[in-house]
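File shown: my_file-v5.txt. Contents: compact mmCIF, C-alpha atoms and all ligand atoms.
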# COMPACT_ATOMS: atom_id res chain seq x y z
CA MET A 1 32.24 -19.70 29.24
CA MET A 2 33.26 -16.91 26.92
CA ASN A 3 36.47 -15.09 27.78
CA LYS A 4 36.77 -11.41 28.64
CA GLU A 5 37.81 -10.37 25.15
CA GLU A 6 34.93 -12.27 23.52
CA PHE A 7 32.43 -10.61 25.84
CA TYR A 8 33.60 -7.06 25.12
CA ASN A 9 33.81 -7.87 21.41
CA LEU A 10 30.22 -9.07 21.48
CA LEU A 11 29.12 -5.70 22.87
CA LYS A 12 31.16 -3.84 20.27
CA THR A 13 30.01 -6.02 17.38
CA ARG A 14 26.32 -5.35 17.98
CA ARG A 15 24.97 -2.66 15.66
CA SER A 16 21.46 -1.65 14.77
CA ILE A 17 20.93 -3.38 11.44
CA ARG A 18 18.56 -1.74 8.96
CA GLN A 19 19.08 -3.91 5.86
CA TYR A 20 18.38 -7.63 5.86
CA LYS A 21 18.60 -10.61 3.56
CA LYS A 22 15.23 -12.13 2.70
CA ASP A 23 16.19 -15.44 4.37
CA LEU A 24 13.73 -16.58 7.01
CA VAL A 25 14.83 -17.22 10.58
CA SER A 26 13.96 -20.67 11.91
CA ARG A 27 11.57 -21.06 14.81
CA GLU A 28 14.28 -22.91 16.75
CA ILE A 29 16.68 -19.97 16.51
CA LEU A 30 13.97 -17.45 17.38
CA GLU A 31 13.03 -19.50 20.42
CA ARG A 32 16.68 -19.45 21.58
CA VAL A 33 16.88 -15.69 21.08
CA LEU A 34 13.67 -15.10 23.04
CA ALA A 35 14.83 -17.50 25.77
CA ALA A 36 17.98 -15.35 26.05
CA GLY A 37 15.70 -12.35 26.54
CA MET A 38 13.93 -14.15 29.33
CA GLU A 39 17.24 -14.83 31.13
CA ALA A 40 17.30 -11.12 31.98
CA PRO A 41 16.95 -9.91 35.55
CA SER A 42 13.67 -8.25 36.49
CA GLY A 43 12.34 -6.40 39.51
CA LYS A 44 11.01 -8.93 42.09
CA ASN A 45 11.67 -11.51 39.37
CA ARG A 46 8.26 -10.69 37.92
CA GLN A 47 9.49 -11.40 34.37
CA ASN A 48 6.95 -8.87 33.24
CA TRP A 49 7.99 -8.95 29.57
CA ARG A 50 5.54 -10.03 26.90
CA PHE A 51 6.61 -10.74 23.33
CA PHE A 52 4.51 -10.84 20.16
CA VAL A 53 6.39 -12.39 17.24
CA VAL A 54 5.18 -11.19 13.84
CA GLN A 55 6.22 -12.98 10.63
CA GLY A 56 4.92 -13.89 7.16
CA GLU A 57 1.73 -12.20 5.93
CA LYS A 58 1.23 -10.48 9.27
CA ARG A 59 4.68 -8.93 8.96
CA ASN A 60 3.82 -7.71 5.46
CA GLU A 61 0.64 -6.16 6.80
CA TYR A 62 2.65 -4.35 9.46
CA LEU A 63 4.59 -2.49 6.76
CA LEU A 64 1.63 -0.15 6.32
CA TYR A 65 1.74 0.67 10.01
CA SER A 66 5.49 1.16 9.92
CA GLN A 67 5.05 3.67 7.11
CA LYS A 68 2.49 5.50 9.19
CA SER A 69 4.76 5.58 12.24
CA TRP A 70 7.34 7.35 10.09
CA LEU A 71 5.01 10.33 9.76
CA GLY A 72 5.22 10.84 13.52
CA ILE A 73 9.00 11.10 13.69
CA LYS A 74 10.21 12.29 10.30
CA THR A 75 10.19 16.01 11.22
CA ILE A 76 12.52 15.51 14.17
CA LEU A 77 14.79 13.19 12.19
CA LYS A 78 14.96 15.68 9.31
CA GLN A 79 16.55 18.15 11.74
CA ARG A 80 18.87 15.61 13.37
CA LEU A 81 20.15 13.46 10.50
CA LYS A 82 22.22 14.37 7.51
CA PRO A 83 20.25 13.98 4.24
CA SER A 84 21.77 10.63 3.17
CA LEU A 85 21.05 9.10 6.58
CA TYR A 86 17.55 10.59 6.59
CA ASP A 87 16.78 8.95 3.22
CA PHE A 88 18.19 5.65 4.45
CA THR A 89 16.09 5.79 7.61
CA GLU A 90 12.96 6.60 5.62
CA ARG A 91 13.59 3.58 3.41
CA PHE A 92 13.99 1.45 6.53
CA PHE A 93 10.54 2.49 7.74
CA PHE A 94 8.97 1.79 4.36
CA THR A 95 10.52 -1.67 3.97
CA LEU A 96 11.67 -2.62 7.51
CA GLY A 97 14.94 -3.32 5.71
CA GLU A 98 13.25 -6.51 4.39
CA ALA A 99 13.54 -8.05 7.87
CA PRO A 100 11.38 -11.19 8.07
CA VAL A 101 10.60 -10.90 11.79
CA VAL A 102 9.33 -8.14 14.06
CA VAL A 103 9.03 -8.80 17.78
CA PHE A 104 6.80 -6.38 19.66
CA VAL A 105 7.76 -6.01 23.28
CA TYR A 106 5.28 -5.13 25.99
CA SER A 107 5.59 -4.56 29.68
CA HIS A 108 3.03 -5.89 32.11
CA ASN A 109 2.81 -3.12 34.68
CA ASP A 110 0.87 -3.67 37.87
CA SER A 111 0.64 -2.28 41.36
CA GLU A 112 3.15 -4.84 42.69
CA GLU A 113 6.03 -2.98 41.11
CA ARG A 114 7.10 0.59 40.48
CA TYR A 115 6.48 1.74 36.94
CA HIS A 116 10.10 2.48 36.06
CA THR A 117 11.28 -0.84 37.46
CA SER A 118 8.78 -2.64 35.26
CA ILE A 119 9.89 -0.77 32.17
CA GLY A 120 13.60 -1.18 32.97
CA SER A 121 13.19 -4.91 33.50
CA VAL A 122 11.72 -5.36 30.04
CA TYR A 123 14.50 -3.37 28.40
CA MET A 124 17.04 -5.70 30.05
CA ALA A 125 15.40 -8.50 28.08
CA VAL A 126 15.51 -6.39 24.92
CA GLU A 127 19.28 -6.02 25.06
CA ASN A 128 19.73 -9.73 25.81
CA ILE A 129 17.76 -10.37 22.62
CA ASN A 130 19.94 -7.98 20.63
CA LEU A 131 23.09 -9.71 21.88
CA ALA A 132 21.69 -13.20 21.31
CA CYS A 133 20.99 -12.12 17.71
CA VAL A 134 24.68 -11.24 17.24
CA THR A 135 25.65 -14.62 18.64
CA GLU A 136 23.30 -16.36 16.18
CA GLY A 137 24.72 -14.43 13.19
CA LEU A 138 21.50 -12.40 13.05
CA GLY A 139 21.02 -8.65 13.05
CA SER A 140 18.43 -6.65 14.95
CA CYS A 141 17.24 -3.11 15.45
CA THR A 142 15.27 -1.92 18.45
CA MET A 143 12.57 0.52 17.32
CA GLY A 144 10.71 3.08 19.39
CA ALA A 145 8.85 4.12 16.24
CA PRO A 146 5.81 1.84 16.80
CA LEU A 147 5.03 3.95 19.87
CA GLU A 148 3.97 6.72 17.49
CA ILE A 149 0.94 4.59 16.63
CA ARG A 150 0.73 2.48 19.77
CA GLN A 151 -3.05 2.08 19.89
CA GLU A 152 -3.14 0.90 16.31
CA VAL A 153 -0.35 -1.58 17.04
CA ASP A 154 -2.23 -2.85 20.12
CA LYS A 155 -5.25 -3.57 17.88
CA PHE A 156 -3.18 -4.97 15.02
CA LEU A 157 -1.68 -7.56 17.38
CA GLY A 158 -4.96 -8.29 19.14
CA VAL A 159 -3.43 -7.16 22.43
CA ASP A 160 -6.46 -4.93 23.03
CA LYS A 161 -8.54 -8.10 23.56
CA LEU A 162 -6.45 -9.25 26.53
CA LEU A 163 -7.76 -8.78 30.05
CA GLU A 164 -4.46 -7.35 31.29
CA TYR A 165 -4.65 -4.73 28.54
CA GLN A 166 -8.23 -3.86 29.40
CA ARG A 167 -7.10 -3.33 32.99
CA GLY A 168 -4.56 -0.81 31.66
CA GLU A 169 -1.59 -3.03 32.58
CA LEU A 170 -0.05 -3.85 29.21
CA GLU A 171 2.15 -1.22 27.59
CA LEU A 172 3.98 -1.40 24.26
CA LEU A 173 7.65 -0.48 24.71
CA CYS A 174 9.28 -1.16 21.35
CA GLY A 175 9.55 -3.34 18.28
CA ILE A 176 12.68 -5.34 17.43
CA VAL A 177 13.23 -6.23 13.78
CA ILE A 178 15.28 -9.39 13.33
CA GLY A 179 16.84 -11.08 10.31
CA TYR A 180 20.13 -11.96 8.64
CA PRO A 181 22.16 -8.77 8.09
CA ALA A 182 22.70 -7.51 4.54
CA HIS A 183 24.97 -4.62 5.51
CA GLN A 184 27.67 -3.80 8.02
CA PRO A 185 27.00 -0.28 9.25
CA PRO A 186 29.84 1.70 10.80
CA ARG A 187 29.93 1.79 14.55
CA ALA A 188 27.80 4.64 15.90
CA PRO A 189 30.11 6.85 17.97
CA ARG A 190 29.90 6.69 21.75
CA GLN A 191 30.42 9.65 24.01
CA ILE A 192 32.17 9.02 27.31
CA GLU A 193 32.46 12.63 28.52
CA ASN A 194 29.91 13.88 31.03
CA ARG A 195 28.20 10.52 31.29
CA VAL A 196 29.77 9.29 34.54
CA THR A 197 30.24 11.10 37.84
CA TRP A 198 32.69 9.54 40.31
CA LEU A 199 32.20 10.28 43.99
CA GLU A 200 34.75 9.25 46.60
C1 LIG B 301 14.76 2.40 22.79
C2 LIG B 301 15.35 2.52 21.40
C3 LIG B 301 14.54 2.97 20.36
C4 LIG B 301 15.06 3.03 19.05
N1 LIG B 301 14.23 3.39 18.02
C5 LIG B 301 14.67 3.31 16.75
C6 LIG B 301 13.77 3.51 15.66
O1 LIG B 301 12.57 3.74 15.84
N2 LIG B 301 14.26 3.44 14.39
C7 LIG B 301 15.58 3.17 14.15
O2 LIG B 301 15.96 3.11 12.98
N3 LIG B 301 16.46 2.95 15.17
C8 LIG B 301 16.04 3.01 16.45
N4 LIG B 301 16.90 2.73 17.50
C9 LIG B 301 18.30 2.40 17.23
C10 LIG B 301 19.23 3.55 17.60
O3 LIG B 301 19.13 4.56 16.60
C11 LIG B 301 20.67 3.01 17.72
O4 LIG B 301 20.71 2.09 18.78
C12 LIG B 301 21.69 4.11 17.99
O5 LIG B 301 21.77 5.02 16.91
C13 LIG B 301 23.10 3.51 18.22
O6 LIG B 301 23.48 2.71 17.13
P1 LIG B 301 23.84 1.16 17.33
O7 LIG B 301 22.62 0.48 17.87
O8 LIG B 301 24.19 0.68 15.94
O9 LIG B 301 24.99 1.08 18.27
C14 LIG B 301 16.41 2.69 18.81
C15 LIG B 301 17.22 2.25 19.87
C16 LIG B 301 16.69 2.16 21.15
C17 LIG B 301 17.57 1.62 22.27
Could you render the structure from this file as structure tokens?
Ligand SMILES: Cc1cc2nc3c(=O)[nH]c(=O)nc-3n(C[C@H](O)[C@H](O)[C@H](O)COP(=O)(O)O)c2cc1C
Amino acid sequence: MMNKEEFYNLLKTRRSIRQYKKDLVSREILERVLAAGMEAPSGKNRQNWRFFVVQGEKRNEYLLYSQKSWLGIKTILKQRLKPSLYDFTERFFFTLGEAPVVVFVYSHNDSEERYHTSIGSVYMAVENINLACVTEGLGSCTMGAPLEIRQEVDKFLGVDKLLEYQRGELELLCGIVIGYPAHQPPRAPRQIENRVTWLE
């Protein structure tokens, strides 16, 4: 069992990684990382996460989609990011930081569970995956960007052929790029003020 210090260090060590080495990630390691995701709690224990692991040629093909998703968010990011960070982020979308793996994460929503509980359950798995990546010496970056082109992504993955999808129950939540980190970004600042209200 990891000690207290190791646990808090793990949380602090995790960063969104946007530059990767070209090294592939073995199937065995990816399976462990995904299994960590599936250790997450979920409403009514429905385990309503669905993962689509994209590698190799299929990952290369996705680059075109990633570039397209950039068009949907670049205007907002231009206002929010300083120019150097904006250029860096644009490069990330055009190359995926050379990451060899992209995991697309879907939620299976159905009438047995409230919508927000379904979505929240899947994001619990997403963070487990991010933390398992740190433990494996991997980097990861959760990406909302694919949502800009969600229908195209659904088709690209063949999700649109699934019965659950046709019933309107499968929803793309994010992509997670995974690979061996090729940079060590500074820690993104955290704001503590006005985030917690104590009532006694
Ligand atoms: C739901 C979600 C969506 C995100 N979408 C993107 C994205 O599309 N592109 C990107 O470069 N980073 C994305 N990020 C990463 C955040 O920018 C990052 O988590 C935040 O700036 C804090 O930095 P850190 O993860 O290094 O602590 C996303 C993170 C989350 C949780």
Counting all atoms listed in the file, which protein, DNA or RNA residues come within 8 Å of ligand LIG 301 (chain B), given as a PDB file with C-alpha atoms, keeping the file's coordinate frame?
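Printed below is result-v6.pdb as written:
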ATOM      1  CA  ARG A  14      26.320  -5.350  17.980  1.00  0.00           C
ATOM      2  CA  ARG A  15      24.970  -2.660  15.660  1.00  0.00           C
ATOM      3  CA  SER A  16      21.460  -1.650  14.770  1.00  0.00           C
ATOM      4  CA  ILE A  17      20.930  -3.380  11.440  1.00  0.00           C
ATOM      5  CA  ARG A  18      18.560  -1.740   8.960  1.00  0.00           C
ATOM      6  CA  THR A  89      16.090   5.790   7.610  1.00  0.00           C
ATOM      7  CA  PHE A  92      13.990   1.450   6.530  1.00  0.00           C
ATOM      8  CA  PHE A  93      10.540   2.490   7.740  1.00  0.00           C
ATOM      9  CA  CYS A 141      17.240  -3.110  15.450  1.00  0.00           C
ATOM     10  CA  THR A 142      15.270  -1.920  18.450  1.00  0.00           C
ATOM     11  CA  MET A 143      12.570   0.520  17.320  1.00  0.00           C
ATOM     12  CA  GLY A 144      10.710   3.080  19.390  1.00  0.00           C
ATOM     13  CA  ALA A 145       8.850   4.120  16.240  1.00  0.00           C
ATOM     14  CA  PRO A 146       5.810   1.840  16.800  1.00  0.00           C
ATOM     15  CA  LEU A 173       7.650  -0.480  24.710  1.00  0.00           C
ATOM     16  CA  CYS A 174       9.280  -1.160  21.350  1.00  0.00           C
ATOM     17  CA  PRO A 185      27.000  -0.280   9.250  1.00  0.00           C
ATOM     18  CA  PRO A 186      29.840   1.700  10.800  1.00  0.00           C
ATOM     19  CA  ARG A 187      29.930   1.790  14.550  1.00  0.00           C
ATOM     20  CA  ALA A 188      27.800   4.640  15.900  1.00  0.00           C
ATOM     21  CA  PRO A 189      30.110   6.850  17.970  1.00  0.00           C
TER      22      PRO A 189
END
Using only C-alpha atoms, find the one residue out of A:Leu85, A:Met2, A:Val159, A:Leu11 that sits nearest to Phe52 of chain A.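 With only C-alpha atoms as the atom set, the closest residue is A:Val159.
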How many Å lie between atom CA of Glu57 of chain A and atom CA of Ser140 of chain A, rounded to one decimal? 19.8 Å
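Note that the spacing between atom CA of Val105 of chain A and atom CA of Leu63 of chain A amounts to 17.2 Å.
Within the 10 Å cut-off around Val25 of chain A, using all atoms listed in the file and omitting residues fewer than 5 positions from it on the same chain, the listed residues are Leu30, Gln55, Ala99, Pro100, Val101, Leu138, Ile178, Gly179 and Tyr180 of chain A.
Coordinates place atom CA of Leu162 of chain A at a distance of 29.0 Å from atom CA of Cys133 of chain A.
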Here's a test: counting all atoms listed in the file, identify every protein, DNA and RNA residue with an atom at most 6 Å from (9.8, -6.3, 17.7) in the file's coordinate frame, and state them as a list in words. Val102, Val103, Phe104, Val105, Gly175, Ile176 and Val177 of chain A
Could you give me, as a list in words, the residues that sit within 9 Å of (18.1, -14.8, 21.3) in the file's coordinates, counting all atoms listed in the file?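 Residues with an atom close enough to that point: Ile29, Leu30, Glu31, Arg32, Val33, Leu34, Ala35, Ala36, Gly37, Asn128, Ile129, Asn130, Leu131, Ala132, Cys133, Val134, Thr135 and Glu136 of chain A.
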Restricting the output to C-alpha atoms, write the selected residues as an mmCIF file, keeping the file's coordinate frame.
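Result went into out04.cif, see below:
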data_model
loop_
_atom_site.group_PDB
_atom_site.id
_atom_site.type_symbol
_atom_site.label_atom_id
_atom_site.label_comp_id
_atom_site.auth_asym_id
_atom_site.auth_seq_id
_atom_site.Cartn_x
_atom_site.Cartn_y
_atom_site.Cartn_z
ATOM 1 C CA ILE A 29 16.680 -19.970 16.510
ATOM 2 C CA LEU A 30 13.970 -17.450 17.380
ATOM 3 C CA GLU A 31 13.030 -19.500 20.420
ATOM 4 C CA ARG A 32 16.680 -19.450 21.580
ATOM 5 C CA VAL A 33 16.880 -15.690 21.080
ATOM 6 C CA LEU A 34 13.670 -15.100 23.040
ATOM 7 C CA ALA A 35 14.830 -17.500 25.770
ATOM 8 C CA ALA A 36 17.980 -15.350 26.050
ATOM 9 C CA GLY A 37 15.700 -12.350 26.540
ATOM 10 C CA ASN A 128 19.730 -9.730 25.810
ATOM 11 C CA ILE A 129 17.760 -10.370 22.620
ATOM 12 C CA ASN A 130 19.940 -7.980 20.630
ATOM 13 C CA LEU A 131 23.090 -9.710 21.880
ATOM 14 C CA ALA A 132 21.690 -13.200 21.310
ATOM 15 C CA CYS A 133 20.990 -12.120 17.710
ATOM 16 C CA VAL A 134 24.680 -11.240 17.240
ATOM 17 C CA THR A 135 25.650 -14.620 18.640
ATOM 18 C CA GLU A 136 23.300 -16.360 16.180
#
From the list A:Phe88, A:Tyr106, A:Tyr65, A:Tyr20, the nearest residue to Tyr165 of chain A using all atoms listed in the file is A:Tyr106
Of the candidates A:Ala182, A:Glu90, A:Glu61, A:Ser118, which shows the shortest atom-to-atom distance to Ile73 of chain A, using all atoms listed in the file?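 For Ile73 of chain A, the nearest of the given residues is A:Glu90.
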Nearest to Val122 of chain A, restricted to all atoms listed in the file and choosing among A:Val53, A:Leu64, A:Ala40, A:Val153, comes out as A:Ala40
Residues at most 7 Å from Ser107 of chain A, counting all atoms listed in the file, excluding those fewer than 4 positions away in the same chain, as a list in words?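 Here the answer would be Asn48, Trp49, Arg50, Ser118, Ile119, Val122, Leu170, Glu171, Leu172 and Leu173 of chain A.
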Measuring atom to atom with all atoms listed in the file, identify which of A:Phe51, A:Trp198, A:Tyr123, A:Phe94 is nearest to Leu157 of chain A.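 Checking each of A:Phe51, A:Trp198, A:Tyr123, A:Phe94 against Leu157 of chain A, counting all atoms listed in the file, the winner is A:Phe51.
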How big is the axis-aligned box around the listed atoms of segment 190-193 of chain A once 3 Å is added on each side, and where is its centre? Give both in Å to one decimal, as lines of an AutoDock Vina configuration file.
center_x = 31.2
center_y = 9.7
center_z = 25.1
size_x = 8.6
size_y = 11.9
size_z = 12.8
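Proximity ranking of A:Pro181, A:Gly43, A:Pro83, A:Gly137 relative to Met124 of chain A places A:Gly43 first, based on all atoms listed in the file.
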